[in-house]
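Down below is the structure, laid out as structure tokens.
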Amino acid sequence: MNLEPGTILQDRYRITRTLGQGGMGAVYQAQDTSLNVDVAIKVNFSRSEGSTSQFMREAQLLAKLRHPNLPRVIQYFIDHGNEFLVMDYIPGEDLKHLVQDGGPQDLDTVLRWAEQLGEALSYLHRQDPPVFHRDIKPENIKLSADNQAMLVDFGIAKAAYSSQMTQLGARGYTPGYAPPEQYGGGRTGSYTDQYGLAATIYFLLTGQKPLDSVARVVEKKAIPTVQSYNRTIPLHVSQAIEKALSLNPEDRFLSVADFIRALTGKASASFARTMPNPQDREGATMTALGGVGIPSAPPTSFGAQTAVYTPNASPQAGAGVMPPGGITAPPVVLPAKKRFPVGLVLGIVGGLVVIGAIVVVGILYLTGNLFNATPTADAALVLAGTQTAASLSVLAEEPATDTPEPSPTLEPTRAPTNTEIPTPQDTATPEPTATPTPIPIGVLAYISDRGGDDRQIWLMQVGMDRMGGIVAEHTQLTFDAGDKSYPAWSPDGRYLVYSAPGASASEGLNLYRIDFTDDSSAPIQLTDRRGDEVGAAFSADGDTIAYDNNGRDDGLRQIYFVNPDGSNDTRISFDFQEFSPTWHPTIADRYYFVLAGAGGHWTLYYRSATADQSEVETFDKSSFFGRLGEVDHPVISPDLQYIAYTQVNGSRTNIYTTRMSTGGADVYQLTNTNSDAYPSFSMDSNWIAFSSERDGNAEIYIMDLTGQQLTNLSMSDSYDGMPAWYPLQP
């Protein structure tokens, strides 16, 4: 398949030229006619049987990656039997041509590039499952306009499954930059990328491609050192490259990060470190499970001060909050102080059976026990296969070929309850098989009237099933009279604040607070102003709640601050209409908000809570009104990469994002139904939940950062809206 210039894909992408082509795929430059920007499109020509679902899973994994030295995966699709991946187009010269035209590069510049590439690779290797590039070479690295080294050629490698083994097709490799394990059937991993990075640095400093690793093995040739080409190169630099280019993976550094530290002279002790096992890399031990290599996590340590919360069995007089349906399970430990670690505690029994993960956080107890087991082998990604000259391999660690596959229905080993020898009848009774449970994504608080006439706060556990589908389980949290709205969590998950009717009609909506460490479980009222107090948002340190109120005589919405105990309720806005406050996730005194200024335009601004409140700055300084359109409900992703917001156009509302680092220079439309609002980022920054009326009534949807994997989470005829992600990882 050859795409000629002018070819249109998906009614959006116009092919401009071919950037590279091999036997199994090609990379094209194209114009995104919707956003009027250039993109790179990778196409895989050959597809194995059943590869579609694997391609989608692999593409979804790549689409979640966000790093300044990696291009973004923007979209993926299948068209006429071919698989397409749409990525950022990175203009500029690649490092191969830079050296060919200008000779070896100066040491300081190369070390700076090496640190940038090392950070990008370490980021890939920390993913779950880990992502391995497997084609690090100078022509796959471009320099951006600000001289940043960008690791390009994001493609997709195929994975085919046969029996209990992961059978790989021909692996992609480039002589001189590929280690020996990449030529044969050896296991590749982070140490493979380390070799490719070291070979690339070797070329940048010497102008010579390293001797091919197979020739080194067969002909027993030693690779010339960097110092043999240039005596001015420091000894520690030459030695670090030599160690990273070791033929045996166990003789290389423990990680790419260790290699970079040794290369830059920041960790000379790294030279003495060797790897006892190629599995033990980048902080994760790869355990064979069902023919799939997945990382096993160490037990989580909970050192924070805790208090015990015991749920009531039924609603009490005067108490408006009740955990789900009178659950009578044992009490769950909840935090009494600030932010605390939350995770899944995983154990490996006999090297074969994964014990169910235990979610040790109180809010997950409140919502039931949906996520109480680790992902099955089917949920782990194994990404491997054929690599063209323009592709990126993404794969979890490949299992040793002599590792037996465990049965997915085995029960975890139990301690004996007595010492009696079981009778034949006992041994003939089979244990019930374990039911695969979803991989947890997070917990949402939201508003719904599915339980009665009033809109109450509900909790929703969201996860991904073994087939990659999104699933959810719902539990009602509040039961007292009055419509609730605008739920918001404190950063440590201790408080949930929401809006509800005040004691009198003149008060309108007031703010209320639930304290999950208080076993009395009764909400308390925080504000009692005239008008409606809505849109609560906690500061990064949890000490301040921002909200807006429309109680002025002229009806202008204004921003107020109040402490979590209801004290110090203070107006912040004075001259203009300001609303929809949201706090910076890490800077405790910076908050963003919408200012309706000249001409009534809704523009995104920010200011410091400790500065003169008249001093405001626009987020997008390119023009008077900016490029974001009319903004409402802005929210910043926890990883500080994106702002999601509702763009308002009359009665039409859609979800948009823009990158924090560009100040609104790039704007991405994620939905186009004209009925979507209230975006909320998951804590891993990979998902956006939002409200939508596309189905004729208010529902809650979830999508990834590219607007894909769109799923209706609420699926009811009731009102469901205003989602807010629980602030700690499951």
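So you can find residues: chains in the structure tokens are A, B, ... in the order shown, residues in each start at 1, and ligands are numbered from 1 in order.
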Write out as a compact mmCIF listing (two decimals) with C-alpha atoms, in the first residue's frame the residues lying within 7 Å of Thr653 in chain A, counting only C-alpha atoms and excluding same-chain residues fewer than 5 positions away.
```
# COMPACT_ATOMS: atom_id res chain seq x y z
CA THR A 646 -16.11 23.48 28.64
CA GLN A 647 -16.22 25.71 25.59
CA VAL A 648 -19.51 27.60 25.52
CA ASN A 674 -22.90 20.49 21.70
CA SER A 675 -24.16 19.03 24.99
CA ASP A 676 -21.00 18.16 26.98
CA ALA A 677 -19.68 19.91 30.12
```
Can you list, as JSON, numbers by chain, every residue of range 469-651 of chain A that DSSP puts in strand (DSSP E)?
{"A": [470, 471, 472, 473, 474, 475, 476, 485, 486, 487, 488, 489, 495, 496, 497, 498, 499, 500, 501, 509, 510, 511, 512, 513, 514, 515, 524, 525, 533, 534, 535, 536, 537, 538, 545, 546, 547, 548, 549, 558, 559, 560, 561, 562, 570, 571, 577, 578, 579, 580, 581, 582, 583, 590, 591, 592, 593, 594, 595, 596, 602, 603, 604, 605, 606, 607, 608, 617, 618, 630, 631, 632, 633, 634, 635, 636, 642, 643, 644, 645, 646, 647, 648, 649]}
Counting only C-alpha atoms, closest pick from A:Ser691, A:Ser34, A:Gln148, A:Thr544 relative to His633 in chain A is A:Ser691
Which residues are near Trp489 in chain A? Cut-off 8 Å, only C-alpha atoms, ignore same chain within fewer than 3 positions. Put them as an NGL selection string.
:A and (493-497 or 537-538 or 724-727)
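The spacing separating CA of Ala30 in chain A from CA of Ile90 in chain A amounts to 11.8 Å.
A straight line drawn from CA of Ile655 in chain A to CA of Asp684 in chain A is 18.9 Å long.
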Atom pair CA of Thr517 in chain A / CA of Val443 in chain A: separation (Å):
17.8 Å
Got a sec: who's within 10 Å of range 445-447 of chain A, counting only C-alpha atoms, leaving out chain neighbours fewer than 5 positions off, as number ranges by chain?
A: 454-461, 474-478, 483-489, 496, 498, 691, 700, 714, 719-726
Can you check which residues of range 487-621 of chain A DSSP gives as helix (DSSP H, G or I) on the backbone and send them as number ranges by chain?
A: 505-507, 598-600
Can I get the selection written as a PDB file, in the first residue's frame, with C-alpha atoms?
```
ATOM      1  CA  ALA A 505     -35.047  30.123  50.591  1.00  0.00           C
ATOM      2  CA  SER A 506     -33.139  33.422  50.729  1.00  0.00           C
ATOM      3  CA  GLU A 507     -29.872  31.576  51.277  1.00  0.00           C
ATOM      4  CA  ALA A 598     -15.218  43.435  28.153  1.00  0.00           C
ATOM      5  CA  GLY A 599     -17.909  42.360  25.743  1.00  0.00           C
ATOM      6  CA  GLY A 600     -18.957  39.590  28.122  1.00  0.00           C
TER       7      GLY A 600
END
```
Proximity to Thr673 in chain A - best of A:Arg694, A:Lys243, A:Arg216, A:Arg72, only C-alpha atoms:
A:Arg694
Need to verify the contact set: range 552-554 of chain A, 12 Å, only C-alpha atoms, exclusion of same-chain residues closer than 2 positions in sequence. Can you return it as a tab-separated table (two decimals) with C-alpha atoms, in the first residue's frame?
```tsv
chain	number	residue	atom	x	y	z
A	529	ARG	CA	-24.62	33.64	52.01
A	530	ARG	CA	-27.48	35.06	49.99
A	531	GLY	CA	-27.57	33.55	46.53
A	532	ASP	CA	-25.98	30.30	45.39
A	533	GLU	CA	-22.54	29.06	46.46
A	548	ASP	CA	-18.38	31.43	43.36
A	549	ASN	CA	-21.59	33.14	44.45
A	550	ASN	CA	-24.19	35.24	42.62
A	556	LEU	CA	-22.48	39.25	39.16
A	557	ARG	CA	-20.86	35.96	40.11
A	558	GLN	CA	-17.92	36.51	42.45
A	559	ILE	CA	-15.19	34.24	43.86
A	571	ARG	CA	-14.91	37.71	49.01
A	573	SER	CA	-13.61	39.36	43.41
A	574	PHE	CA	-14.80	42.98	43.22
A	575	ASP	CA	-14.82	44.64	39.80
A	576	PHE	CA	-15.76	41.99	37.26
A	577	GLN	CA	-17.79	38.82	37.04
```
Applying 12 Å and only C-alpha atoms, which residues near range 522-527 of chain A remain after dropping the ones on its own chain fewer than 4 positions away? List them as a VMD selection string.
chain A and resid 311 to 312 315 to 323 477 to 480 495 to 503 507 to 518 531 to 534 536 545 to 549 560 to 570
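Between Gly696 in chain A and the candidates A:Ser716, A:Asn654, A:Gln708, A:Gln227, the tightest atom-to-atom separation, counting only C-alpha atoms, involves A:Ser716.
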